[in-house]
Amino acid sequence: MLPGLPAADPTATLALLTAIGAGVGLGTLSGLVPGLHANTFALLLAAAASSLPGPRLYVGVAMLSAGVTHTFLDVIPALALGVPDPAMAASALPSHQLVIEGRGREALRLSALGSGLAVVFAVPLAVPLTLLMERAYPLVRPWLSVLLVGVAVLLVVTEHGRRQQVGAACSLAASGLLGIGLLDAPVTGALPVSDVLVPLFSGLFGAPVLLAAIEGDGVPPQADATVTTPRRTVGVLAGIGTLCGGAVGYIPGISSAIAATLALGLVSDQGPRAFIVTTSGVNTATAVFALFALISLGTPRTGVLVALARAKVPLVLPALLAAVAIAAVAGAILVPTLGDRYLRIVGRLDPTYLSLSVIAVLVCLSALFAGLVGIGAFGAAALVGHLPPRFGSRRATLMGVLLVPLAL
């Protein structure tokens with residue numbers, strides 16, 4: 001039996017809302033800064049939980065609301081700078097292409113719709129899906145490697161043309177070797193939380209775009225924010241993303257980046273707008289499904305929920321769902337509000353200065369999270385990240401950095 005919401009009096013309710021607000025603020029910061037993730041703040045909060053004032057529940061709702069807000073806001077640097085969060089990496093190039101075409105404001109709203117609808121779909125689906133996965137997971141687990149191999153093959157065979165398929169296979173293999181060599185490497189950075197994924201994904205997906213942008217014209221003026229995709233289509237795409245996000249919440253080893261890659265394979269012929277809606281839906285639905293998986297199965301599936309477990313936060317479902325709902329509303333409002341400004345500011349800056357500055361930030365973050373190994377990983381990943389454009393293949397094949405090690 002889950003305990004009830006302990007925020008019956010106004011003071012406790014205000015404290016709970018304050019904690020959620022603080023989480024929204026942290027998630028906004030991590031979402032807007034390329035290379036930074038809400039997992040970092042969540043793990044830092046977990047380490048400091050014993051010294052923070054108030055019940056552990058308030059720390060937990062701050063972590064969860066930061067994670068949910070991040071899943072909305074992380075699309076902004078992916079659009080404006082071409083530096084995606086790992087979960088948005090599968091749609092990095094298609095979404096950035098819309099900005100180049102002057103449709104960045106529309107892309108922001110499509111992402112907000114995909115994430116917002118994913119919360120709406122995931123909450124009612126979470127209970128029956130949790131009951132189903134409790135029974136189905138023992139049957140799925142032995143076939144997990146086959147599923148991952150299938151995703152990898154799908155990425156290659158859906159390329160248009162033999163040259164593109166060869167490039168996709170090379171990118172998949174090269175990034176896979178990076179993952180095999182570095183994912184389990186012992187790394188120590190200046191921060192209490194070490195993470196080799198920061199330099200790997202920054203190098204694979206961010207550095208090549210930034211280097212190409214040095215001689216470019218920068219972000220062009222953006223047209224109106226009208227969403228041209230039919231509402232029904234947006235709903236279907238968000239539903240696909242939500243279902244793929246369920247795999248992240250319940251199956252160990254499947255990250256939101258992998259689920260987004262699977263979703264990308266399912267909508268590969270529907271254009272960049274479909275990529276944005278679907279991958280945004282995957283990213284946000286994960287937060288809901290993973291929460292229910294933690295409560296029902298007792299195992300955290302995301303970095304934020306690992307921090308939640310470490311901090312020994314009581315699993316008070318009404319309070320935690322309130323954090324998800326409030327953060328989702330805040331995120332849906334903040335994406336177009338801050339995103340439009342972000343695009344305008346970036347558009348005014350010199351592209352050479354901007355690209356070199358962001359590369360410097362990514363190198364510094366790589367060092368902070370993984371030390372000298374992180375800097376080396378960033379450089380190697382940047383070299384591998386140039387393979388897809390050389391062959392005209394999709395950058396999503398670089399998700400081999402996770403697919404190959406997990407499949408093995």
# chains A, B, ... in the order shown; residues from 1 in each chain; ligands from 1
$ residues_around --residues "Ala112 in chain A" --least-positions-apart "3" --cutoff "8 Å" --atoms "only C-alpha atoms" --output "list in words"
Phe72, Leu108, Arg109, Ser115, Gly116, Ser280, Gly331, Ala332, Val335 and Pro336 of chain A
$ write_last_selection --atoms "N, CA and C atoms" --output "compact mmCIF listing (two decimals), in the first residue's frame"
# COMPACT_ATOMS: atom_id res chain seq x y z
N PHE A 72 11.90 18.36 -21.58
CA PHE A 72 11.25 19.35 -22.45
C PHE A 72 12.29 20.31 -23.02
N LEU A 108 10.21 23.87 -32.14
CA LEU A 108 10.10 23.98 -30.68
C LEU A 108 8.70 23.58 -30.21
N ARG A 109 7.70 24.05 -30.91
CA ARG A 109 6.33 23.75 -30.52
C ARG A 109 5.96 22.29 -30.78
N SER A 115 6.31 16.07 -26.12
CA SER A 115 6.58 15.80 -24.71
C SER A 115 5.32 15.90 -23.86
N GLY A 116 4.52 16.95 -24.11
CA GLY A 116 3.30 17.12 -23.32
C GLY A 116 2.31 16.00 -23.52
N SER A 280 10.87 13.40 -28.79
CA SER A 280 10.49 14.16 -27.61
C SER A 280 9.53 13.36 -26.74
N GLY A 331 7.35 22.93 -18.34
CA GLY A 331 8.21 22.67 -19.49
C GLY A 331 7.54 23.05 -20.80
N ALA A 332 6.25 22.71 -20.93
CA ALA A 332 5.52 23.04 -22.16
C ALA A 332 5.44 24.54 -22.38
N VAL A 335 9.40 25.90 -23.17
CA VAL A 335 10.04 25.55 -24.44
C VAL A 335 9.86 26.66 -25.49
N PRO A 336 8.63 27.05 -25.83
CA PRO A 336 8.50 28.14 -26.82
C PRO A 336 8.96 29.49 -26.28
$ closest_residue --among "A:Ile333, A:Gly206, A:Leu383, A:Ala190" --to "Ala360 in chain A" --atoms "only C-alpha atoms"
A:Gly206
$ closest_residue --among "A:Ser111, A:Thr18, A:Ser357, A:Thr302" --to "Val59 in chain A" --atoms "only C-alpha atoms"
A:Thr18
$ residues_around --residues "Val277 in chain A" --least-positions-apart "6" --cutoff "8 Å" --atoms "only C-alpha atoms" --output "PyMOL selection string"
chain A and resi 110-111+113-115+234+237-238+241
$ write_last_selection --atoms "N, CA and C atoms" --output "PDB file, in the first residue's frame"
ATOM      1  N   LEU A 110       6.508  21.722 -31.834  1.00  0.00           N
ATOM      2  CA  LEU A 110       6.295  20.294 -32.078  1.00  0.00           C
ATOM      3  C   LEU A 110       6.914  19.458 -30.952  1.00  0.00           C
ATOM      4  N   SER A 111       8.094  19.849 -30.513  1.00  0.00           N
ATOM      5  CA  SER A 111       8.741  19.129 -29.415  1.00  0.00           C
ATOM      6  C   SER A 111       7.926  19.241 -28.129  1.00  0.00           C
ATOM      7  N   LEU A 113       4.737  19.729 -27.898  1.00  0.00           N
ATOM      8  CA  LEU A 113       3.541  18.906 -28.069  1.00  0.00           C
ATOM      9  C   LEU A 113       3.865  17.429 -27.874  1.00  0.00           C
ATOM     10  N   GLY A 114       4.975  16.970 -28.447  1.00  0.00           N
ATOM     11  CA  GLY A 114       5.364  15.570 -28.299  1.00  0.00           C
ATOM     12  C   GLY A 114       5.600  15.202 -26.853  1.00  0.00           C
ATOM     13  N   SER A 115       6.305  16.072 -26.120  1.00  0.00           N
ATOM     14  CA  SER A 115       6.580  15.797 -24.707  1.00  0.00           C
ATOM     15  C   SER A 115       5.317  15.896 -23.857  1.00  0.00           C
ATOM     16  N   VAL A 234       0.284  14.445 -35.183  1.00  0.00           N
ATOM     17  CA  VAL A 234       1.076  14.742 -33.979  1.00  0.00           C
ATOM     18  C   VAL A 234       0.715  13.780 -32.852  1.00  0.00           C
ATOM     19  N   LEU A 237       2.162  10.262 -33.595  1.00  0.00           N
ATOM     20  CA  LEU A 237       3.613  10.243 -33.411  1.00  0.00           C
ATOM     21  C   LEU A 237       3.985  10.297 -31.931  1.00  0.00           C
ATOM     22  N   ALA A 238       3.277  11.124 -31.171  1.00  0.00           N
ATOM     23  CA  ALA A 238       3.534  11.182 -29.725  1.00  0.00           C
ATOM     24  C   ALA A 238       3.191   9.852 -29.068  1.00  0.00           C
ATOM     25  N   GLY A 241       6.054   7.496 -29.707  1.00  0.00           N
ATOM     26  CA  GLY A 241       7.134   7.839 -28.791  1.00  0.00           C
ATOM     27  C   GLY A 241       6.858   7.378 -27.374  1.00  0.00           C
TER      28      GLY A 241
END
$ atom_distance --atom1 "CA of Val313 in chain A" --atom2 "CA of Leu29 in chain A"
23.2 Å
$ atom_distance --atom1 "CA of Leu354 in chain A" --atom2 "CA of Glu215 in chain A"
11.2 Å
$ residues_around --residues "range 222-225 of chain A" --least-positions-apart "4" --cutoff "6 Å" --atoms "only C-alpha atoms" --output "number ranges by chain"
A: 102-103, 105-106
$ select_by_dssp --residues "range 257-366 of chain A" --states "helix (DSSP H, G or I)" --output "ChimeraX atom specification"
/A:257-266,272-297,303-310,317-348,351-366
$ atom_distance --atom1 "CA of Gly371 in chain A" --atom2 "CA of Ile214 in chain A"
26.4 Å
$ closest_residue --among "A:Pro199, A:Gly176, A:Gly161, A:Pro53" --to "Leu36 in chain A" --atoms "only C-alpha atoms"
A:Pro199
$ residues_around --residues "Leu291 in chain A" --least-positions-apart "6" --cutoff "12 Å" --atoms "only C-alpha atoms" --output "PyMOL selection string"
chain A and resi 60-61+63-65+67-68+122-123+126-127+130+246+248-250+284-285+297-306+308-309+315-321+323-324
$ residues_around --residues "Glu101 in chain A" --least-positions-apart "3" --cutoff "9 Å" --atoms "only C-alpha atoms" --output "PyMOL selection string"
chain A and resi 96-98+104+220+222-223
$ write_last_selection --atoms "N, CA, C and O atoms" --output "short mmCIF file (atom, residue, chain, number, x, y, z; two decimals), in the first residue's frame"
data_model
loop_
_atom_site.label_atom_id
_atom_site.label_comp_id
_atom_site.auth_asym_id
_atom_site.auth_seq_id
_atom_site.Cartn_x
_atom_site.Cartn_y
_atom_site.Cartn_z
N HIS A 96 17.81 20.08 -36.45
CA HIS A 96 18.67 21.23 -36.78
C HIS A 96 18.41 21.71 -38.21
O HIS A 96 18.49 22.90 -38.49
N GLN A 97 18.06 20.79 -39.09
CA GLN A 97 17.77 21.14 -40.47
C GLN A 97 16.57 22.08 -40.55
O GLN A 97 16.54 23.00 -41.38
N LEU A 98 15.58 21.87 -39.69
CA LEU A 98 14.42 22.75 -39.68
C LEU A 98 14.81 24.17 -39.29
O LEU A 98 14.25 25.14 -39.81
N GLY A 104 12.54 26.84 -37.03
CA GLY A 104 12.91 26.47 -35.67
C GLY A 104 11.81 26.70 -34.65
O GLY A 104 11.63 25.90 -33.73
N PRO A 220 19.70 31.33 -39.29
CA PRO A 220 19.00 32.34 -40.09
C PRO A 220 17.77 32.86 -39.34
O PRO A 220 17.34 32.27 -38.34
N GLN A 222 14.10 33.24 -38.20
CA GLN A 222 13.08 32.20 -38.11
C GLN A 222 11.71 32.73 -38.48
O GLN A 222 11.34 33.84 -38.09
N ALA A 223 10.97 31.92 -39.21
CA ALA A 223 9.64 32.30 -39.66
C ALA A 223 8.63 32.16 -38.52
O ALA A 223 9.00 31.95 -37.36
#
$ closest_residue --among "A:Ala330, A:Val99, A:Gln165, A:Asp74" --to "Gly23 in chain A" --atoms "only C-alpha atoms"
A:Ala330
$ decode --residues "range 386-398 of chain A" --atoms "N, CA, C and O atoms" --output "tab-separated table (two decimals), in the first residue's frame"
chain	number	residue	atom	x	y	z
A	386	HIS	N	32.25	12.40	-37.81
A	386	HIS	CA	32.29	12.93	-39.17
A	386	HIS	C	31.96	11.87	-40.23
A	386	HIS	O	31.82	12.20	-41.41
A	387	LEU	N	31.85	10.61	-39.83
A	387	LEU	CA	31.58	9.55	-40.81
A	387	LEU	C	30.22	9.68	-41.50
A	387	LEU	O	30.15	9.61	-42.74
A	388	PRO	N	29.11	9.84	-40.77
A	388	PRO	CA	27.81	9.87	-41.45
A	388	PRO	C	27.70	10.94	-42.54
A	388	PRO	O	27.26	10.62	-43.66
A	389	PRO	N	28.09	12.21	-42.29
A	389	PRO	CA	27.95	13.19	-43.37
A	389	PRO	C	28.85	12.89	-44.58
A	389	PRO	O	28.51	13.26	-45.71
A	390	ARG	N	29.98	12.20	-44.35
A	390	ARG	CA	30.85	11.85	-45.47
A	390	ARG	C	30.15	10.88	-46.43
A	390	ARG	O	30.40	10.90	-47.63
A	391	PHE	N	29.29	10.03	-45.89
A	391	PHE	CA	28.60	9.03	-46.71
A	391	PHE	C	27.16	9.44	-47.02
A	391	PHE	O	26.47	8.75	-47.76
A	392	GLY	N	26.69	10.53	-46.42
A	392	GLY	CA	25.31	10.94	-46.62
A	392	GLY	C	24.32	10.10	-45.84
A	392	GLY	O	23.13	10.05	-46.19
A	393	SER	N	24.76	9.44	-44.78
A	393	SER	CA	23.88	8.60	-43.97
A	393	SER	C	23.42	9.35	-42.72
A	393	SER	O	23.95	10.41	-42.39
A	394	ARG	N	22.44	8.78	-42.02
A	394	ARG	CA	21.88	9.44	-40.84
A	394	ARG	C	22.85	9.37	-39.65
A	394	ARG	O	23.51	8.36	-39.44
A	395	ARG	N	22.86	10.43	-38.87
A	395	ARG	CA	23.71	10.45	-37.67
A	395	ARG	C	23.21	9.49	-36.60
A	395	ARG	O	23.95	9.16	-35.67
A	396	ALA	N	21.97	9.05	-36.71
A	396	ALA	CA	21.44	8.13	-35.70
A	396	ALA	C	22.24	6.83	-35.64
A	396	ALA	O	22.23	6.14	-34.62
A	397	THR	N	22.96	6.50	-36.73
A	397	THR	CA	23.78	5.27	-36.70
A	397	THR	C	24.91	5.37	-35.69
A	397	THR	O	25.46	4.35	-35.26
A	398	LEU	N	25.24	6.58	-35.27
A	398	LEU	CA	26.26	6.76	-34.24
A	398	LEU	C	25.77	6.27	-32.88
A	398	LEU	O	26.57	6.18	-31.93
